[in-house]
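Engineer: Next up, input-v2.txt (compact mmCIF, C-alpha atoms).
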```txt
# COMPACT_ATOMS: atom_id res chain seq x y z
CA MET A 225 1.88 -0.88 27.67
CA ILE A 226 2.03 -2.12 24.08
CA ASN A 227 3.20 -5.69 23.61
CA GLU A 228 5.91 -6.50 21.12
CA PHE A 229 4.57 -6.53 17.59
CA SER A 230 5.74 -6.97 14.03
CA ILE A 231 5.08 -5.02 10.84
CA PHE A 232 3.98 -7.04 7.85
CA GLU A 233 2.85 -6.93 4.25
CA THR A 234 0.59 -9.48 2.56
CA MET A 235 1.21 -9.83 -1.17
CA ARG A 236 -0.22 -11.72 -4.12
CA TYR A 237 2.17 -13.99 -5.99
CA LYS A 238 1.05 -15.20 -9.40
CA GLU A 239 2.76 -16.29 -12.61
CA GLY A 240 6.22 -15.75 -11.15
CA LYS A 241 5.55 -12.19 -9.98
CA ILE A 242 4.60 -10.31 -6.84
CA PHE A 243 1.97 -7.68 -7.53
CA VAL A 244 3.05 -4.10 -6.66
CA LEU A 245 6.02 -5.35 -4.66
CA THR A 246 7.73 -1.97 -4.50
CA SER A 247 4.66 -0.31 -3.00
CA HIS A 248 4.46 -2.98 -0.30
CA LEU A 249 8.15 -2.65 0.56
CA GLN A 250 7.98 1.12 0.73
CA ARG A 251 4.97 1.03 3.02
CA LEU A 252 6.62 -1.47 5.34
CA LEU A 253 9.80 0.62 5.47
CA LYS A 254 7.84 3.78 6.24
CA SER A 255 6.11 2.07 9.17
CA ALA A 256 9.39 0.56 10.37
CA LYS A 257 10.98 4.00 10.50
CA TYR A 258 7.97 5.41 12.34
CA PHE A 259 8.17 2.73 15.04
CA ASP A 260 11.99 2.83 15.12
CA PHE A 261 12.52 -0.78 14.00
CA ASN A 262 15.96 -1.99 12.92
CA THR A 263 15.80 -1.76 9.11
CA GLN A 264 19.42 -2.40 8.12
CA HIS A 265 18.93 -5.98 6.90
CA PHE A 266 15.65 -5.09 5.21
CA ILE A 267 17.20 -2.19 3.29
CA ASN A 268 20.23 -4.23 2.26
CA LEU A 269 18.03 -7.06 1.00
CA PHE A 270 15.52 -4.95 -0.91
CA LYS A 271 17.66 -1.96 -1.85
CA PRO A 272 16.99 -2.26 -5.63
CA PHE A 273 13.28 -1.71 -4.98
CA LEU A 274 13.58 1.15 -2.50
CA VAL A 275 14.40 4.02 -4.86
CA ASN A 276 12.60 7.35 -5.10
CA ILE A 277 10.65 6.49 -1.98
CA ASN A 278 9.21 10.01 -1.80
CA ASN A 279 8.07 10.08 -5.42
CA THR A 280 5.98 7.02 -6.20
CA SER A 281 4.60 8.56 -9.38
CA ARG A 282 7.89 7.77 -11.15
CA TYR A 283 7.66 4.02 -10.78
CA ARG A 284 6.71 1.87 -13.73
CA ILE A 285 5.81 -1.75 -14.30
CA ASN A 286 6.41 -4.30 -17.05
CA ILE A 287 3.43 -6.56 -16.42
CA GLU A 288 -0.18 -6.11 -17.47
CA ILE A 289 -2.78 -5.60 -14.81
CA LYS A 290 -5.25 -7.73 -16.75
CA SER A 291 -3.22 -10.83 -15.83
CA PHE A 292 -4.37 -10.45 -12.23
CA TYR A 293 -7.51 -11.84 -10.63
CA ILE A 294 -10.67 -10.07 -11.70
CA HIS A 295 -13.39 -11.62 -9.53
CA ASN A 296 -16.12 -9.32 -10.74
CA TYR A 297 -15.80 -7.42 -13.99
CA THR A 298 -16.87 -3.94 -12.94
CA PRO A 299 -16.80 -0.42 -14.40
CA LEU A 300 -13.93 0.28 -12.00
CA TRP A 301 -11.74 -2.37 -13.62
CA GLU A 302 -12.78 -1.11 -17.06
CA PHE A 303 -11.57 2.33 -16.02
CA ILE A 304 -8.25 0.87 -14.87
CA LYS A 305 -7.55 -0.78 -18.18
CA ASN A 306 -8.66 2.16 -20.30
CA SER A 307 -6.70 4.70 -18.28
CA LYS A 308 -3.45 2.72 -18.74
CA LEU A 309 -2.61 2.42 -15.05
CA ILE A 310 0.32 0.27 -16.07
CA ASP A 311 2.31 3.50 -16.26
CA ILE A 312 2.05 4.20 -12.51
CA LEU A 313 2.20 0.68 -11.05
CA GLN A 314 5.32 -0.79 -9.49
CA ASN A 315 8.07 -3.27 -10.28
CA GLU A 316 7.73 -7.04 -10.29
CA TYR A 317 9.87 -9.53 -8.42
CA SER A 318 10.18 -13.15 -9.55
CA LEU A 319 10.24 -16.30 -7.42
CA ASP A 320 11.11 -19.87 -8.37
CA SER A 321 7.64 -21.34 -7.95
CA ASP A 322 4.80 -21.02 -10.44
CA SER A 323 2.14 -21.51 -7.79
CA ASP A 324 -0.64 -19.04 -7.05
CA SER A 325 0.14 -17.94 -3.51
CA ILE A 326 -0.09 -15.32 -0.81
CA ILE A 327 3.22 -14.17 0.65
CA ARG A 328 3.49 -12.55 4.05
CA LEU A 329 6.66 -10.61 4.79
CA SER A 330 7.12 -9.70 8.47
CA LEU A 331 9.69 -7.38 10.04
CA PHE A 332 10.40 -7.59 13.77
CA GLN A 333 11.76 -4.83 15.96
CA ASN A 334 15.29 -6.29 16.04
CA GLY A 335 15.41 -6.40 12.24
CA THR A 336 14.57 -10.08 11.80
CA LEU A 337 12.62 -10.86 8.63
CA LYS A 338 10.19 -13.74 8.21
CA PHE A 339 8.54 -15.04 5.05
CA ASP A 340 5.34 -17.09 5.12
CA ILE A 341 3.87 -18.57 1.96
CA MET A 342 0.22 -19.67 1.91
CA PRO A 343 -1.90 -21.08 -0.91
CA TYR A 344 -4.23 -18.62 -2.58
CA GLU A 345 -7.81 -19.78 -2.04
CA GLU A 346 -10.87 -18.35 -3.73
CA ILE A 347 -13.31 -16.45 -1.57
CA THR A 348 -16.69 -18.04 -0.89
CA SER A 349 -18.60 -15.02 0.40
CA LYS A 350 -19.08 -11.53 -0.98
CA LYS A 351 -21.14 -10.31 1.95
CA ILE A 352 -20.09 -7.59 4.37
CA MET A 353 -21.44 -6.35 7.68
CA ILE A 354 -20.91 -3.29 9.84
CA SER A 355 -18.99 -4.05 13.02
CA GLN A 356 -20.39 -2.97 16.38
CA THR A 357 -16.86 -1.93 17.37
CA ILE A 358 -16.19 1.81 17.10
CA VAL A 359 -12.56 2.60 16.33
CA SER A 360 -10.70 5.78 17.17
CA SER A 361 -9.18 7.86 14.40
CA LYS A 362 -6.43 8.70 16.92
CA ASP A 363 -5.33 5.06 17.15
CA ILE A 364 -1.95 5.10 15.41
CA PHE A 365 -2.15 1.37 14.66
CA LEU A 366 -5.02 1.96 12.26
CA TYR A 367 -2.53 3.66 9.94
CA HIS A 368 0.04 0.86 9.89
CA LYS A 369 -0.11 -2.84 9.04
CA THR A 370 1.04 -4.55 12.22
CA THR A 371 0.16 -7.53 14.38
CA GLN A 372 -1.27 -5.05 16.89
CA ARG A 373 -4.83 -5.54 15.63
CA GLU A 374 -7.02 -5.65 18.73
CA HIS A 375 -9.36 -3.18 17.08
CA TYR A 376 -10.31 -5.81 14.48
CA LYS A 377 -10.45 -8.90 16.70
CA ASP A 378 -14.20 -9.42 16.17
CA SER A 379 -13.58 -10.07 12.46
CA ILE A 380 -11.11 -12.95 12.80
CA ASP A 381 -13.42 -15.95 13.22
CA ILE A 382 -16.10 -14.58 10.91
CA ILE A 383 -13.67 -14.20 8.02
CA ARG A 384 -11.76 -17.40 8.79
CA ASN A 385 -15.03 -19.36 8.57
CA ASN A 386 -15.92 -17.63 5.26
CA ASN A 387 -19.16 -16.29 6.71
CA LEU A 388 -18.35 -12.82 5.37
CA PHE A 389 -15.82 -11.25 3.07
CA ASP A 390 -15.19 -8.46 5.56
CA LEU A 391 -16.41 -6.44 8.53
CA LEU A 392 -16.51 -2.67 8.06
CA TYR A 393 -15.60 -0.24 10.82
CA PHE A 394 -16.80 3.26 11.67
CA ASN A 395 -15.04 5.74 13.96
CA GLU A 396 -16.01 8.18 16.70
CA ASN A 397 -17.19 10.65 14.03
CA ASN A 398 -19.68 8.07 12.70
CA ALA A 399 -17.56 8.01 9.55
CA LEU A 400 -16.57 4.90 7.62
CA CYS A 401 -12.92 3.88 7.95
CA GLU A 402 -12.21 0.52 6.29
CA GLY A 403 -12.74 -3.20 6.45
CA SER A 404 -10.53 -5.45 8.56
CA ARG A 405 -8.73 -6.60 5.40
CA SER A 406 -9.78 -4.20 2.68
CA ASN A 407 -10.35 -0.60 1.73
CA VAL A 408 -13.86 0.41 0.76
CA VAL A 409 -14.97 2.22 -2.39
CA ILE A 410 -18.59 3.15 -3.04
CA TYR A 411 -20.22 4.11 -6.32
CA LYS A 412 -22.85 6.82 -5.94
CA ASN A 413 -24.14 9.58 -8.20
CA LYS A 414 -21.93 8.28 -11.03
CA SER A 415 -18.74 8.72 -9.00
CA TYR A 416 -16.45 6.51 -6.89
CA TYR A 417 -15.65 7.55 -3.31
CA THR A 418 -13.43 6.21 -0.55
CA PRO A 419 -12.98 7.45 3.04
CA PRO A 420 -10.22 10.01 3.79
CA VAL A 421 -7.16 8.41 5.36
CA GLU A 422 -7.26 10.73 8.39
CA GLN A 423 -10.49 9.08 9.53
CA GLY A 424 -8.43 6.09 10.64
CA LEU A 425 -7.40 3.60 7.98
CA LEU A 426 -4.48 1.95 6.29
CA ARG A 427 -4.21 3.22 2.74
CA GLY A 428 -3.79 0.05 0.72
CA THR A 429 -1.39 -0.30 -2.17
CA LEU A 430 -4.25 -0.82 -4.62
CA LEU A 431 -6.23 2.10 -3.20
CA SER A 432 -3.18 4.33 -3.61
CA ILE A 433 -3.11 3.45 -7.29
CA PHE A 434 -6.79 4.31 -7.67
CA LEU A 435 -6.38 7.67 -5.93
CA GLU A 436 -3.26 8.60 -7.87
CA SER A 437 -4.98 7.76 -11.15
CA LYS A 438 -8.12 9.67 -10.04
CA CYS A 439 -10.29 6.56 -10.37
CA CYS A 440 -11.91 7.63 -7.12
CA GLU A 441 -11.76 10.48 -4.65
CA GLU A 442 -11.71 10.79 -0.89
CA ARG A 443 -14.91 11.87 0.82
CA MET A 444 -16.49 11.38 4.22
CA ILE A 445 -18.78 8.36 4.04
CA TYR A 446 -21.46 7.83 6.65
CA LYS A 447 -23.70 4.84 7.27
CA ASP A 448 -26.52 6.20 5.12
CA ASP A 449 -24.07 6.79 2.26
CA LEU A 450 -22.93 3.19 2.49
CA ILE A 451 -26.44 1.76 2.62
CA ASP A 452 -27.70 3.99 -0.20
CA ALA A 453 -24.70 3.42 -2.49
CA ASP A 454 -25.40 2.06 -5.96
CA MET A 455 -22.44 -0.33 -5.57
CA ILE A 456 -19.94 -1.16 -2.83
CA PHE A 457 -16.46 -2.54 -3.48
CA CYS A 458 -13.90 -4.00 -1.12
CA ILE A 459 -10.41 -3.75 -2.56
CA ASN A 460 -6.93 -4.96 -1.70
CA SER A 461 -3.88 -6.02 -3.66
CA VAL A 462 -4.36 -9.72 -2.88
CA ARG A 463 -8.02 -10.07 -3.87
CA GLY A 464 -8.34 -7.21 -6.32
CA VAL A 465 -11.74 -5.52 -6.61
CA ILE A 466 -14.68 -7.35 -5.07
CA ARG A 467 -18.20 -6.07 -5.47
CA VAL A 468 -19.85 -6.83 -2.15
CA ILE A 469 -23.33 -6.87 -0.67
CA ILE A 470 -24.08 -5.39 2.74
CA GLU A 471 -26.16 -7.39 5.21
```
Show me this structure written as structure tokens.

Structural biologist:
Amino acid sequence: MINEFSIFETMRYKEGKIFVLTSHLQRLLKSAKYFDFNTQHFINLFKPFLVNINNTSRYRINIEIKSFYIHNYTPLWEFIKNSKLIDILQNEYSLDSDSDSIIRLSLFQNGTLKFDIMPYEEITSKKIMISQTIVSSKDIFLYHKTTQREHYKDSIDIIRNNNLFDLLYFNENNALCEGSRSNVVIYKNKSYYTPPVEQGLLRGTLLSIFLESKCCEERMIYKDDLIDADMIFCINSVRGVIRVIIE
């Protein structure tokens, strides 16, 4: 029996804006509908941002991506700027504070919403490791961002203590899925690749932008592909693009 859980989104707040807010809200709503959560209050509160939910290519943004957190200047970021991804990013949403923060928006089954605001802290490790845990591509919770995260429990203390940036997980097909808090992109043979979503992963808001803009393409990635890659990146909308080193 599955214990009660919540659906949540973790978002980067900087310079009075929330990065790709609309994408986060749409993803949360999609998961809420899948799990039959009460969404009435959520929809009423965020209605201005929940338009054209089935056609994300029509959304636009009025901020510049270069104002957001580039930890490592990589060819991938160069591609983003040159390809004018501003045209397919989402709306902004202003808050009162000018602080650099991480906002967590949680939706509970009865429709209750909770906001948590945490200070944004710089990462201290850019190392990754492969987890010994094998996940199942049939586990529905791999495809949604919820507090039901038993499959990633071995990553909690390691990341909290800044020993690693992330742990990467493979599935029953020996195929790469994702990190516990990031999607993975590899650079090999002059191309960027990321695992197909059906292998068991949550498609991040930043990864969706990359795929839509054809910055990278989906391909099965096995352990040898990961180890032999010219570069490995962990990406999410809070931290941006991090070039990482596998241990």

Engineer: Residues near Met455 of chain A, anyone? I mean within 12 Å using all atoms listed in the file, not counting same-chain ones fewer than 5 positions away, as a PyMOL selection string.

Structural biologist: chain A and resi 298-300+408-417+449-450+465-470

Engineer: Could you check how far atom CA of Phe339 of chain A sits from atom CA of Glu228 of chain A, in Å to one decimal?

Structural biologist: 18.4 Å

Engineer: Would you mind listing what lies within 9 Å of Lys447 of chain A as a list in words, with only C-alpha atoms counted and same-chain residues fewer than 6 positions away left out?

Structural biologist: Ile354, Phe394, Asn398, Ala399 and Leu400 of chain A

Engineer: Produce a file of the selected residues containing C-alpha atoms, as a PDB file, keeping the file's coordinate frame.

Structural biologist:
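File result-v3.pdb, as written:
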```pdb
ATOM      1  CA  ILE A 354     -20.910  -3.290   9.840  1.00  0.00           C
ATOM      2  CA  PHE A 394     -16.800   3.260  11.670  1.00  0.00           C
ATOM      3  CA  ASN A 398     -19.680   8.070  12.700  1.00  0.00           C
ATOM      4  CA  ALA A 399     -17.560   8.010   9.550  1.00  0.00           C
ATOM      5  CA  LEU A 400     -16.570   4.900   7.620  1.00  0.00           C
TER       6      LEU A 400
END
```

Engineer: Please provide as JSON, numbers by chain all residues within 9 Å of Phe365 of chain A, with the sequence filter that same-chain residues fewer than 6 positions apart are discarded (counting all atoms listed in the file).

Structural biologist: {"A": [372, 373, 375, 424, 425, 426]}

Engineer: As an exercise, work out the distance from atom CA of Val359 of chain A to atom CA of Glu374 of chain A in Å and give it to one decimal place.

Structural biologist: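 Interatomic distance here is 10.2 Å.
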
Engineer: Near Ser379 of chain A, within 9 Å and counting all atoms listed in the file, which residues show up once chain neighbours fewer than 2 positions away are dropped, as a compact mmCIF listing (two decimals) with C-alpha atoms, in the frame of the given file?

Structural biologist:
```txt
# COMPACT_ATOMS: atom_id res chain seq x y z
CA SER A 355 -18.99 -4.05 13.02
CA TYR A 376 -10.31 -5.81 14.48
CA LYS A 377 -10.45 -8.90 16.70
CA ASP A 381 -13.42 -15.95 13.22
CA ILE A 382 -16.10 -14.58 10.91
CA ILE A 383 -13.67 -14.20 8.02
CA ARG A 384 -11.76 -17.40 8.79
CA LEU A 388 -18.35 -12.82 5.37
CA ASP A 390 -15.19 -8.46 5.56
CA LEU A 391 -16.41 -6.44 8.53
CA SER A 404 -10.53 -5.45 8.56
```

Engineer: What is the atom CA of Leu435 of chain A-atom CA of Met342 of chain A distance in Å, reported with one decimal?

Structural biologist: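 Result for atom CA of Leu435 of chain A versus atom CA of Met342 of chain A: 29.2 Å, one decimal.
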
Engineer: When you count only C-alpha atoms, which of these residues is closest to Pro419 of chain A: A:Leu274, A:Ile364, A:Ala256, A:Cys401?

Structural biologist: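 Closest to Pro419 of chain A of all the choices is A:Cys401.
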
Engineer: For a cut-off of 10 Å around (11.6, -6.9, 8.5), file coordinates, pick out all residues using only C-alpha atoms and list them as an mmCIF file with C-alpha atoms, in the frame of the given file.

Structural biologist:
```cif
data_model
loop_
_atom_site.group_PDB
_atom_site.id
_atom_site.type_symbol
_atom_site.label_atom_id
_atom_site.label_comp_id
_atom_site.auth_asym_id
_atom_site.auth_seq_id
_atom_site.Cartn_x
_atom_site.Cartn_y
_atom_site.Cartn_z
ATOM 1 C CA SER A 230 5.740 -6.970 14.030
ATOM 2 C CA ILE A 231 5.080 -5.020 10.840
ATOM 3 C CA PHE A 232 3.980 -7.040 7.850
ATOM 4 C CA GLU A 233 2.850 -6.930 4.250
ATOM 5 C CA LEU A 249 8.150 -2.650 0.560
ATOM 6 C CA LEU A 252 6.620 -1.470 5.340
ATOM 7 C CA LEU A 253 9.800 0.620 5.470
ATOM 8 C CA ALA A 256 9.390 0.560 10.370
ATOM 9 C CA PHE A 261 12.520 -0.780 14.000
ATOM 10 C CA ASN A 262 15.960 -1.990 12.920
ATOM 11 C CA THR A 263 15.800 -1.760 9.110
ATOM 12 C CA GLN A 264 19.420 -2.400 8.120
ATOM 13 C CA HIS A 265 18.930 -5.980 6.900
ATOM 14 C CA PHE A 266 15.650 -5.090 5.210
ATOM 15 C CA ILE A 267 17.200 -2.190 3.290
ATOM 16 C CA LEU A 269 18.030 -7.060 1.000
ATOM 17 C CA LEU A 329 6.660 -10.610 4.790
ATOM 18 C CA SER A 330 7.120 -9.700 8.470
ATOM 19 C CA LEU A 331 9.690 -7.380 10.040
ATOM 20 C CA PHE A 332 10.400 -7.590 13.770
ATOM 21 C CA GLN A 333 11.760 -4.830 15.960
ATOM 22 C CA ASN A 334 15.290 -6.290 16.040
ATOM 23 C CA GLY A 335 15.410 -6.400 12.240
ATOM 24 C CA THR A 336 14.570 -10.080 11.800
ATOM 25 C CA LEU A 337 12.620 -10.860 8.630
ATOM 26 C CA LYS A 338 10.190 -13.740 8.210
ATOM 27 C CA PHE A 339 8.540 -15.040 5.050
#
```

Engineer: Taking only C-alpha atoms into account, name the residue in A:Lys271, A:Phe389, A:Ser255, A:Ser247 that is nearest to Leu431 of chain A.

Structural biologist: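 Nearest candidate to Leu431 of chain A out of A:Lys271, A:Phe389, A:Ser255, A:Ser247: A:Ser247.
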
Engineer: For Arg427 of chain A, which of A:Lys369, A:Lys238, A:Asp454, A:Gly464 is the closest residue, counting only C-alpha atoms?

Structural biologist: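 Ranked by minimum distance to Arg427 of chain A, first place goes to A:Lys369.
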